[in-house]
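J.: The file below is query.cif, mmCIF, C-alpha atoms:
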data_upload
#
loop_
_atom_site.label_atom_id
_atom_site.label_comp_id
_atom_site.auth_asym_id
_atom_site.auth_seq_id
_atom_site.Cartn_x
_atom_site.Cartn_y
_atom_site.Cartn_z
CA MET U 1 0.45 17.42 -47.86
CA GLN U 2 3.57 18.44 -49.75
CA ARG U 3 2.11 20.17 -52.78
CA ARG U 4 0.07 23.31 -53.10
CA HIS U 5 -3.59 23.02 -54.06
CA PHE U 6 -5.21 25.83 -56.00
CA LEU U 7 -8.85 26.57 -56.65
CA MET U 8 -10.12 25.43 -60.02
CA THR U 9 -13.58 26.97 -60.35
CA PRO U 10 -13.89 29.00 -63.59
CA PRO U 11 -13.99 32.78 -63.28
CA ALA U 12 -17.42 34.23 -62.60
CA LEU U 13 -19.00 37.62 -63.22
CA ALA U 14 -18.40 40.53 -60.90
CA LEU U 15 -21.04 41.51 -58.39
CA GLY U 16 -21.53 45.10 -57.27
CA ALA U 17 -22.19 46.74 -53.91
CA ALA U 18 -23.42 50.29 -54.42
CA THR U 19 -23.57 52.80 -51.58
CA ALA U 20 -22.60 56.40 -51.09
CA THR U 21 -19.18 55.35 -49.82
CA ALA U 22 -18.65 52.01 -51.57
CA PRO U 23 -18.94 52.07 -55.37
CA ILE U 24 -20.15 49.18 -57.44
CA ALA U 25 -17.45 46.52 -57.65
CA THR U 26 -17.74 46.08 -61.38
CA LEU U 27 -14.62 45.86 -63.46
CA ALA U 28 -13.77 48.28 -66.23
CA ALA U 29 -11.64 45.81 -68.15
CA PRO U 30 -8.55 47.08 -69.95
CA THR U 31 -8.13 46.33 -73.63
CA ILE U 32 -6.36 43.12 -72.67
CA MET U 33 -7.13 41.61 -69.26
CA THR U 34 -4.25 39.61 -67.77
CA PRO U 35 -3.66 38.03 -64.35
CA GLN U 36 -1.33 40.95 -63.64
CA SER U 37 -3.96 43.63 -64.30
CA ARG U 38 -4.65 45.79 -61.25
CA ILE U 39 -8.35 46.02 -60.47
CA LEU U 40 -10.63 47.83 -58.01
CA PRO U 41 -8.82 51.14 -57.42
CA ARG U 42 -9.10 52.45 -53.86
CA THR U 43 -12.27 54.36 -53.08
CA GLY U 44 -11.76 55.72 -49.56
CA LYS U 45 -9.20 57.69 -47.59
CA GLY U 46 -8.87 54.95 -45.01
CA PRO U 47 -7.16 51.58 -45.15
CA ARG U 48 -7.96 48.99 -47.83
CA ILE U 49 -8.99 45.72 -46.15
CA VAL U 50 -9.50 42.69 -48.38
CA ILE U 51 -11.46 39.72 -47.07
CA CYS U 52 -11.13 36.39 -48.86
CA GLY U 53 -14.20 34.27 -48.21
CA GLY U 54 -17.82 35.37 -47.84
CA GLY U 55 -19.12 32.95 -45.24
CA TRP U 56 -20.23 33.60 -41.67
CA GLY U 57 -16.87 35.02 -40.60
CA GLY U 58 -15.99 36.99 -43.71
CA MET U 59 -19.33 38.74 -44.05
CA THR U 60 -19.37 39.55 -40.33
CA ALA U 61 -15.89 41.09 -40.51
CA ALA U 62 -16.91 43.15 -43.56
CA ARG U 63 -19.97 44.55 -41.80
CA TYR U 64 -18.13 45.55 -38.62
CA LEU U 65 -15.04 46.92 -40.36
CA ARG U 66 -17.23 49.39 -42.24
CA GLU U 67 -19.00 50.27 -39.00
CA LEU U 68 -15.85 50.67 -36.89
CA ILE U 69 -13.68 52.31 -39.58
CA PRO U 70 -16.16 54.43 -41.58
CA ASN U 71 -13.55 55.63 -44.09
CA SER U 72 -12.21 52.14 -44.75
CA ASP U 73 -12.27 50.54 -48.19
CA VAL U 74 -13.48 47.02 -47.52
CA VAL U 75 -13.51 44.46 -50.34
CA LEU U 76 -15.06 41.02 -49.90
CA LEU U 77 -14.03 38.31 -52.39
CA GLU U 78 -16.26 35.25 -52.72
CA ARG U 79 -16.36 32.62 -55.44
CA ASN U 80 -19.99 31.58 -54.88
CA PRO U 81 -22.80 33.76 -56.26
CA THR U 82 -24.94 33.37 -53.14
CA PHE U 83 -24.45 32.65 -49.44
CA TRP U 84 -25.09 29.11 -48.22
CA SER U 85 -25.48 28.51 -44.49
CA GLY U 86 -24.01 25.35 -43.00
CA PRO U 87 -26.16 25.75 -39.88
CA MET U 88 -29.68 24.56 -40.68
CA SER U 89 -28.49 22.71 -43.81
CA ASN U 90 -29.11 19.32 -42.18
CA LYS U 91 -32.69 20.40 -41.53
CA TRP U 92 -32.89 21.60 -45.14
CA LEU U 93 -31.90 18.10 -46.36
CA ILE U 94 -35.19 16.73 -45.03
CA ASP U 95 -37.34 19.82 -45.71
CA ILE U 96 -37.71 21.16 -42.19
CA VAL U 97 -36.54 24.49 -43.62
CA ASN U 98 -36.73 25.51 -47.26
CA THR U 99 -33.98 26.59 -49.64
CA ASP U 100 -34.66 30.29 -49.15
CA PHE U 101 -33.80 29.88 -45.49
CA VAL U 102 -30.26 28.59 -46.03
CA ASN U 103 -29.46 30.20 -49.40
CA ARG U 104 -29.30 34.00 -49.20
CA ASP U 105 -28.53 37.05 -51.30
CA MET U 106 -25.08 38.60 -50.68
CA LEU U 107 -25.70 41.92 -52.43
CA HIS U 108 -28.18 43.12 -49.81
CA PRO U 109 -25.71 43.14 -46.88
CA ALA U 110 -22.97 44.59 -49.11
CA ASN U 111 -25.27 47.44 -50.06
CA LYS U 112 -26.58 47.91 -46.53
CA TYR U 113 -23.21 47.97 -44.80
CA GLY U 114 -21.22 49.65 -47.56
CA TYR U 115 -18.52 47.21 -48.58
CA GLN U 116 -17.55 46.08 -52.07
CA LEU U 117 -18.40 42.54 -53.11
CA LEU U 118 -16.65 40.79 -55.97
CA GLN U 119 -17.53 37.28 -57.11
CA THR U 120 -14.19 35.86 -58.17
CA GLU U 121 -11.68 33.12 -57.49
CA VAL U 122 -8.71 33.78 -55.21
CA THR U 123 -5.72 32.13 -56.89
CA GLY U 124 -2.76 33.30 -54.83
CA PHE U 125 -0.99 36.05 -52.94
CA GLU U 126 2.02 38.32 -53.19
CA ARG U 127 2.32 39.19 -49.54
CA ASP U 128 5.57 41.09 -49.95
CA LYS U 129 3.69 43.50 -52.22
CA LYS U 130 0.38 43.24 -50.31
CA LEU U 131 -1.49 41.90 -53.33
CA VAL U 132 -4.20 39.26 -53.75
CA ARG U 133 -4.22 37.38 -57.06
CA THR U 134 -7.71 36.65 -58.37
CA ALA U 135 -9.27 35.33 -61.57
CA HIS U 136 -9.95 38.96 -62.51
CA GLY U 137 -6.56 40.43 -61.64
CA LEU U 138 -4.56 41.85 -58.73
CA ILE U 139 -6.12 43.60 -55.74
CA GLU U 140 -3.97 45.52 -53.27
CA TYR U 141 -4.54 45.66 -49.53
CA ASP U 142 -3.31 47.17 -46.29
CA TYR U 143 -4.83 44.39 -44.20
CA LEU U 144 -5.87 40.94 -45.38
CA ILE U 145 -8.39 38.59 -43.78
CA LEU U 146 -8.45 34.94 -44.81
CA SER U 147 -11.83 33.38 -44.10
CA GLY U 148 -12.13 30.60 -46.64
CA GLY U 149 -13.20 27.76 -44.36
CA ILE U 150 -11.96 24.24 -45.07
CA ARG U 151 -10.85 21.93 -47.85
CA ASN U 152 -11.58 18.21 -48.14
CA ASP U 153 -8.31 16.31 -47.87
CA TYR U 154 -9.16 13.43 -50.19
CA GLU U 155 -5.41 12.91 -50.71
CA ALA U 156 -5.24 11.42 -47.20
CA TRP U 157 -7.32 8.54 -48.57
CA PHE U 158 -6.26 8.30 -52.19
CA GLY U 159 -2.88 10.01 -52.54
CA ASN U 160 -2.57 11.24 -56.13
CA ASP U 161 -5.31 8.97 -57.51
CA GLN U 162 -7.38 11.76 -59.06
CA LYS U 163 -9.81 9.29 -60.63
CA ALA U 164 -10.79 7.94 -57.20
CA ILE U 165 -11.01 11.47 -55.77
CA ASP U 166 -13.27 12.69 -58.56
CA TYR U 167 -15.45 9.59 -58.41
CA THR U 168 -15.88 9.91 -54.63
CA ARG U 169 -16.68 13.60 -54.83
CA LYS U 170 -19.20 12.98 -57.61
CA HIS U 171 -20.97 9.89 -56.25
CA PHE U 172 -20.62 10.25 -52.48
CA PRO U 173 -20.68 14.01 -51.76
CA ASN U 174 -20.68 15.26 -48.19
CA ALA U 175 -21.66 18.93 -48.76
CA TYR U 176 -19.52 20.27 -45.94
CA ILE U 177 -18.30 22.99 -48.28
CA PRO U 178 -21.27 25.04 -49.53
CA ASN U 179 -21.52 24.55 -53.30
CA GLN U 180 -23.35 22.33 -55.78
CA GLU U 181 -22.84 19.32 -53.47
CA MET U 182 -25.65 20.67 -51.29
CA PHE U 183 -28.26 19.84 -53.92
CA ALA U 184 -26.54 16.58 -54.85
CA LEU U 185 -26.68 15.36 -51.26
CA LYS U 186 -30.30 16.37 -50.89
CA GLN U 187 -31.18 14.34 -53.98
CA LYS U 188 -29.22 11.40 -52.57
CA VAL U 189 -31.30 11.48 -49.39
CA LYS U 190 -34.56 11.85 -51.32
CA ASN U 191 -33.67 9.00 -53.69
CA PHE U 192 -32.42 6.57 -51.02
CA LYS U 193 -34.57 3.42 -51.34
CA GLY U 194 -32.88 1.22 -48.77
CA GLY U 195 -29.77 -0.73 -47.88
CA THR U 196 -26.73 0.38 -45.89
CA LEU U 197 -25.82 4.06 -45.96
CA VAL U 198 -22.30 4.59 -44.63
CA MET U 199 -21.28 7.92 -43.12
CA THR U 200 -17.59 8.53 -42.47
CA LEU U 201 -16.56 11.19 -39.97
CA PRO U 202 -13.26 13.04 -40.24
CA PRO U 203 -10.75 12.87 -37.40
CA PRO U 204 -10.70 15.99 -35.21
CA PRO U 205 -10.44 18.84 -35.81
CA HIS U 206 -13.16 19.14 -38.41
CA ARG U 207 -15.97 21.49 -39.35
CA CYS U 208 -18.86 21.67 -36.87
CA PRO U 209 -17.99 18.64 -34.68
CA PRO U 210 -21.55 17.66 -33.62
CA SER U 211 -23.22 18.17 -36.99
CA PRO U 212 -22.50 14.75 -38.61
CA TYR U 213 -24.40 13.09 -35.76
CA GLU U 214 -27.29 15.51 -36.29
CA ARG U 215 -27.27 14.62 -39.99
CA ALA U 216 -27.41 10.91 -39.12
CA CYS U 217 -30.37 11.49 -36.80
CA LEU U 218 -32.35 13.52 -39.32
CA ILE U 219 -31.73 11.10 -42.19
CA ALA U 220 -32.71 8.28 -39.81
CA TRP U 221 -35.92 10.15 -38.99
CA HIS U 222 -36.57 10.47 -42.75
CA ILE U 223 -35.99 6.72 -43.16
CA LYS U 224 -38.25 5.93 -40.21
CA LYS U 225 -41.02 8.31 -41.31
CA ASN U 226 -41.10 6.96 -44.85
CA LYS U 227 -40.66 3.29 -43.83
CA ILE U 228 -37.55 2.92 -45.99
CA PRO U 229 -35.74 -0.42 -45.40
CA GLY U 230 -32.44 1.28 -44.75
CA LYS U 231 -29.73 1.52 -42.10
CA ILE U 232 -27.10 4.13 -41.31
CA LEU U 233 -23.60 3.06 -40.35
CA ILE U 234 -21.55 5.84 -38.71
CA LEU U 235 -17.82 5.15 -38.99
CA ASP U 236 -16.31 7.40 -36.34
CA PRO U 237 -12.53 7.65 -35.87
CA LYS U 238 -13.01 8.85 -32.28
CA PRO U 239 -13.24 6.37 -29.37
CA LYS U 240 -16.69 7.67 -28.45
CA ILE U 241 -19.41 10.07 -29.58
CA ALA U 242 -18.24 13.63 -28.95
CA PRO U 243 -19.28 16.29 -28.26
CA ILE U 244 -22.58 15.82 -26.37
CA GLY U 245 -22.10 12.07 -26.29
CA VAL U 246 -24.92 11.29 -23.85
CA GLY U 247 -27.57 13.17 -25.82
CA TYR U 248 -26.65 11.57 -29.12
CA LYS U 249 -26.25 8.10 -27.61
CA GLN U 250 -29.76 8.35 -26.18
CA ALA U 251 -31.13 9.54 -29.52
CA PHE U 252 -29.47 6.66 -31.38
CA GLU U 253 -30.68 4.04 -28.89
CA GLU U 254 -34.15 5.39 -28.10
CA LEU U 255 -35.27 6.88 -31.41
CA TYR U 256 -33.39 4.89 -34.06
CA PRO U 257 -32.21 1.59 -32.52
CA ASP U 258 -32.91 -0.38 -35.72
CA ILE U 259 -31.52 2.25 -38.07
CA ILE U 260 -28.33 3.84 -36.67
CA THR U 261 -25.22 1.89 -35.74
CA HIS U 262 -22.30 3.89 -34.37
CA VAL U 263 -18.87 2.30 -34.81
CA PRO U 264 -16.10 3.95 -32.71
CA ASN U 265 -12.37 3.84 -33.48
CA ALA U 266 -13.24 3.40 -37.16
CA ARG U 267 -10.45 5.41 -38.77
CA VAL U 268 -10.48 4.89 -42.54
CA GLN U 269 -7.50 2.87 -43.75
CA GLU U 270 -8.55 1.97 -47.29
CA LEU U 271 -11.49 2.97 -49.44
CA ASP U 272 -12.61 1.55 -52.78
CA PRO U 273 -15.41 3.85 -53.95
CA PHE U 274 -15.92 1.85 -57.16
CA LYS U 275 -16.61 -1.44 -55.37
CA LYS U 276 -18.24 0.28 -52.39
CA LYS U 277 -15.90 -1.23 -49.83
CA ILE U 278 -14.23 0.46 -46.90
CA LYS U 279 -11.58 -0.79 -44.50
CA THR U 280 -11.23 0.85 -41.10
CA ALA U 281 -9.32 0.25 -37.89
CA ALA U 282 -12.57 -1.22 -36.53
CA GLY U 283 -13.21 -3.63 -39.41
CA GLU U 284 -14.22 -3.83 -43.07
CA PHE U 285 -17.62 -2.80 -44.38
CA ASP U 286 -19.59 -2.87 -47.62
CA PHE U 287 -22.15 -0.21 -48.42
CA ASP U 288 -24.98 0.47 -50.86
CA ASP U 289 -24.59 4.23 -50.67
CA ALA U 290 -22.48 6.61 -48.68
CA ILE U 291 -21.77 10.13 -47.48
CA LEU U 292 -17.98 10.16 -47.41
CA MET U 293 -16.30 12.89 -45.41
CA PRO U 294 -12.49 12.83 -45.62
CA PRO U 295 -10.18 14.62 -43.18
CA HIS U 296 -10.48 18.39 -43.16
CA GLN U 297 -7.76 21.00 -43.57
CA ALA U 298 -7.59 24.77 -43.85
CA ALA U 299 -8.89 26.24 -47.09
CA GLU U 300 -6.73 26.27 -50.19
CA MET U 301 -6.02 29.98 -49.78
CA VAL U 302 -3.99 29.41 -46.59
CA TRP U 303 -1.75 26.98 -48.45
CA ALA U 304 -1.44 29.43 -51.35
CA ALA U 305 -0.42 32.18 -48.90
CA ASP U 306 2.23 29.86 -47.41
CA LEU U 307 0.80 30.35 -43.93
CA ILE U 308 0.17 26.75 -42.86
CA GLY U 309 1.62 25.79 -39.49
CA LYS U 310 4.26 23.11 -39.00
CA THR U 311 4.71 20.40 -36.42
CA PRO U 312 7.94 20.17 -34.40
CA GLU U 313 9.02 17.62 -37.02
CA GLY U 314 8.49 20.17 -39.79
CA LYS U 315 5.36 18.60 -41.29
CA PRO U 316 2.29 20.71 -42.17
CA THR U 317 -0.35 20.85 -39.44
CA GLY U 318 -3.00 21.46 -42.10
CA TRP U 319 -4.20 24.63 -40.32
CA ALA U 320 -3.24 28.30 -40.19
CA ASP U 321 -0.10 29.27 -38.29
CA MET U 322 -1.48 32.02 -36.08
CA ASP U 323 -1.16 34.06 -32.93
CA VAL U 324 -3.74 32.45 -30.65
CA ARG U 325 -4.85 35.72 -29.00
CA TYR U 326 -4.75 38.18 -31.89
CA PHE U 327 -5.62 35.88 -34.84
CA THR U 328 -2.78 37.26 -36.96
CA ALA U 329 -0.42 35.15 -39.04
CA LYS U 330 2.77 34.47 -37.11
CA GLY U 331 4.83 35.36 -40.14
CA ASP U 332 2.81 38.40 -41.25
CA ASP U 333 0.80 40.53 -38.82
CA ARG U 334 -1.04 42.25 -41.67
CA VAL U 335 -2.85 38.96 -42.30
CA TYR U 336 -5.71 37.81 -40.06
CA PHE U 337 -7.49 34.46 -39.85
CA VAL U 338 -11.21 34.06 -39.22
CA GLY U 339 -13.29 30.90 -38.96
CA ASP U 340 -12.69 27.23 -39.58
CA LEU U 341 -9.25 27.57 -41.14
CA MET U 342 -7.73 28.77 -37.85
CA GLY U 343 -4.97 26.79 -36.16
CA ALA U 344 -4.77 25.29 -32.68
CA ILE U 345 -5.39 27.55 -29.69
CA SER U 346 -4.52 25.57 -26.56
CA ASP U 347 -3.02 22.24 -25.55
CA GLN U 348 -6.00 21.86 -23.20
CA PHE U 349 -8.63 21.58 -25.95
CA GLY U 350 -6.83 22.03 -29.27
CA HIS U 351 -8.85 24.15 -31.69
CA TYR U 352 -11.82 26.39 -31.18
CA PRO U 353 -14.86 24.51 -32.50
CA LYS U 354 -14.93 25.01 -36.25
CA SER U 355 -18.44 26.38 -36.13
CA ALA U 356 -20.41 29.24 -37.65
CA HIS U 357 -20.96 30.76 -34.21
CA VAL U 358 -17.20 30.99 -33.60
CA ALA U 359 -16.58 32.36 -37.11
CA ASN U 360 -19.17 35.08 -36.54
CA TYR U 361 -17.66 35.94 -33.16
CA ILE U 362 -14.06 35.98 -34.40
CA GLY U 363 -15.15 38.13 -37.36
CA ARG U 364 -16.31 40.80 -34.91
CA ILE U 365 -13.17 40.48 -32.79
CA VAL U 366 -10.84 40.84 -35.78
CA ALA U 367 -12.77 43.86 -37.05
CA LYS U 368 -12.39 45.50 -33.65
CA ASN U 369 -8.68 44.64 -33.47
CA ILE U 370 -7.98 46.13 -36.91
CA ALA U 371 -9.96 49.24 -35.97
CA GLN U 372 -7.82 49.64 -32.85
CA ARG U 373 -4.64 49.31 -34.90
CA VAL U 374 -5.81 51.86 -37.45
CA ALA U 375 -6.66 54.29 -34.64
CA GLY U 376 -3.23 53.82 -33.08
CA GLN U 377 -4.71 52.23 -29.95
CA GLU U 378 -3.52 49.24 -27.98
CA VAL U 379 -5.16 46.10 -29.32
CA THR U 380 -7.29 44.29 -26.74
CA PRO U 381 -7.22 40.49 -27.07
CA LEU U 382 -10.73 39.07 -26.76
CA LEU U 383 -12.15 35.57 -26.46
CA PRO U 384 -15.14 34.06 -28.29
CA ASP U 385 -17.70 31.63 -27.03
CA ASN U 386 -19.53 28.89 -28.91
CA LEU U 387 -23.09 27.61 -29.08
CA CYS U 388 -24.45 24.77 -31.22
CA TYR U 389 -27.95 23.36 -31.50
CA MET U 390 -28.66 19.97 -33.08
CA MET U 391 -32.03 18.51 -34.04
CA VAL U 392 -32.30 14.79 -33.29
CA ASN U 393 -36.00 14.17 -33.94
CA GLY U 394 -38.29 15.52 -36.65
CA ASP U 395 -41.66 14.66 -35.09
CA PRO U 396 -41.91 15.97 -32.48
CA GLN U 397 -39.10 18.35 -33.25
CA GLU U 398 -36.54 18.03 -30.48
CA GLU U 399 -32.99 19.25 -30.08
CA ILE U 400 -29.94 19.00 -27.87
CA SER U 401 -27.19 21.59 -27.62
CA VAL U 402 -23.67 22.32 -26.43
CA LYS U 403 -22.02 25.49 -25.18
CA PHE U 404 -18.32 26.29 -24.88
CA GLU U 405 -16.93 29.04 -22.66
CA TYR U 406 -13.35 30.33 -22.67
CA GLU U 407 -11.07 32.10 -20.23
CA VAL U 408 -7.37 32.74 -19.76
CA ASP U 409 -5.71 30.94 -16.86
CA PRO U 410 -2.99 32.53 -14.67
CA THR U 411 -0.30 31.22 -17.03
CA GLY U 412 -1.88 32.98 -20.02
CA LYS U 413 -3.26 29.78 -21.57
CA VAL U 414 -6.77 29.75 -23.04
CA ILE U 415 -8.89 27.08 -21.36
CA GLN U 416 -12.29 25.71 -22.34
CA THR U 417 -15.37 24.72 -20.37
CA GLN U 418 -17.92 22.56 -22.19
CA ILE U 419 -21.57 22.48 -21.14
CA ASP U 420 -23.71 19.73 -22.71
CA MET U 421 -27.49 19.91 -22.79
CA ASP U 422 -28.23 16.25 -23.40
CA VAL U 423 -31.99 16.18 -22.74
CA ARG U 424 -33.76 16.63 -26.07
CA THR U 425 -36.57 19.14 -25.92
CA PRO U 426 -38.76 21.30 -28.20
CA ASP U 427 -37.66 24.36 -26.21
CA LEU U 428 -34.18 24.08 -27.71
CA VAL U 429 -35.74 24.13 -31.19
CA LYS U 430 -37.19 27.55 -30.40
CA GLU U 431 -33.83 28.71 -29.07
CA ASP U 432 -32.13 27.39 -32.22
CA PHE U 433 -34.32 29.38 -34.58
CA ALA U 434 -34.05 32.48 -32.39
CA TRP U 435 -30.26 32.11 -32.43
CA ILE U 436 -29.92 31.74 -36.19
CA ASN U 437 -32.34 34.55 -36.95
CA SER U 438 -30.34 36.84 -34.68
CA ARG U 439 -27.08 35.85 -36.42
CA PHE U 440 -28.57 36.29 -39.89
CA SER U 441 -29.74 39.74 -38.81
CA ASP U 442 -26.22 40.48 -37.61
CA PHE U 443 -24.29 39.91 -40.84
CA LEU U 444 -26.93 39.47 -43.55
CA GLY U 445 -28.90 42.52 -42.47
CA ILE U 446 -32.29 40.82 -42.55
#
Take the structure I supplied and represent it as structure tokens, if you would.

T.:
Amino acid sequence: MQRRHFLMTPPALALGAATATAPIATLAAPTIMTPQSRILPRTGKGPRIVICGGGWGGMTAARYLRELIPNSDVVLLERNPTFWSGPMSNKWLIDIVNTDFVNRDMLHPANKYGYQLLQTEVTGFERDKKLVRTAHGLIEYDYLILSGGIRNDYEAWFGNDQKAIDYTRKHFPNAYIPNQEMFALKQKVKNFKGGTLVMTLPPPPHRCPPSPYERACLIAWHIKKNKIPGKILILDPKPKIAPIGVGYKQAFEELYPDIITHVPNARVQELDPFKKKIKTAAGEFDFDDAILMPPHQAAEMVWAADLIGKTPEGKPTGWADMDVRYFTAKGDDRVYFVGDLMGAISDQFGHYPKSAHVANYIGRIVAKNIAQRVAGQEVTPLLPDNLCYMMVNGDPQEEISVKFEYEVDPTGKVIQTQIDMDVRTPDLVKEDFAWINSRFSDFLGI
């Protein structure tokens, strides 16, 4: 990717977070508002920390920064008016949980934990001046956290063919970035009357590695339950199902043998969304409908900040260029990375799983590291863990799960141990809901 990509959503209204220490983040507009107007004057005696992205990682960091640095001025910038959870969204597609479960108010945690919340678009950065450019104006910072998640790299499929990109996004949404696509995909599933539904998977690394398989299982259960004459074709660029290959393979073969077909080594080579044809390394396929997930990259904001890593050949890696133990930008230690946009960690396993659990964990670690820096203490490098639950059957409700543990070997390299729980069981469903309710309590304050 040679050109910068900037966010195009229109400016939205400001949202306020009112507490005794964090005033309402409403904007007293000057007579003429320009992109160079300075907004949100400092409110505390401590450092100003700006967080770009109000997902699992960003909201967690905001909560713990206010807790660990009570006099800090924490500002969270988010373009969406409400919080959408990726975890549980597959279950939401087929009505196992309702909309109120995955779509939450962001003002409540801002008020409860005392940080400022502004609904706006991040459009760029002036890192030499420690400024964030937004749709409302310039916001200064002492520390900056980028937690914007991913972008869909449709250019890998279509180059500069914007017509094909727009058509694919409109007609074959994948909803891996929380926005209006969530409802569009749910309607697609509800309106599916039969035929071949193709699902493309991105090459690793991508957001929540096991979740596309969970989505296939739950849509297959919906097809089976409603006796829809449809099939799901999973086009997977990997040589085998991963992670938790055994558990998913058993679910495909035992629960949905006449519905799900998994095609390995099916890297997309050409795609014609208008004629509904796709060519992969494993063959060519026609489809009646599709959920098309292109390769993933770090969010637009990392490109705008000019903090994307480079390969030895000088090409963009697509992910943040970061210190693997301290989560700071290699070229600017006042900038931290949290969540799915993070770069590679180890040559043993590549990236941390791009999951909500990891984002939540890293959000806490980064908050603690910044607090140590502000206090003049030595920063302690910490490691996350990861835990994912995936529902594979809707009746009876059964899940499988995977756990990742991390440690530092004698050479200083981070190494990963993966523990698969392949036997589907209702007990894991209970654990799943207990897990997500505990996480929601952690950063949403509910």

J.: Quick one, how far is atom CA of U:Pro47 from atom CA of U:Ile69?

T.: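 Atom-to-atom, atom CA of U:Pro47 and atom CA of U:Ile69 are spaced 8.6 Å apart.
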
J.: Using the chain letters and numbers from this file, what does the PyMOL selection byres ((chain U and resi 204) around 12) select? Give the answer as JSON, numbers by chain.

T.: {"U": [201, 202, 203, 205, 206, 207, 208, 209, 210, 236, 237, 238, 239, 241, 242, 243, 267, 294, 295, 296, 297, 318, 319, 344, 349, 350, 351, 352, 353, 354]}

J.: In Å, how far is it from atom CA of U:Leu341 to atom CA of U:Thr99?

T.: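 It comes out at 26.2 Å.
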
J.: Pick out the residues sitting within 7 Å of stretch 269-277 of chain U, and hand them over as a list of chain:residue names; count all atoms listed in the file, and ignore anything fewer than 2 positions along from it in its own chain.

T.: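 Returned residues: U:Trp157, U:Ala164, U:Thr168, U:Arg267, U:Lys279, U:Thr280, U:Ala281, U:Phe285, U:Asp286, U:Phe287, U:Asp288.
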
J.: Could you name the residues that touch U:Ala251 at 10 Å or less, counting only C-alpha atoms, but leaving out those on the same chain fewer than 2 positions away, as number ranges by chain?

T.: U: 213-214, 217, 245-249, 253-257, 260, 392-393, 399-400, 422-424
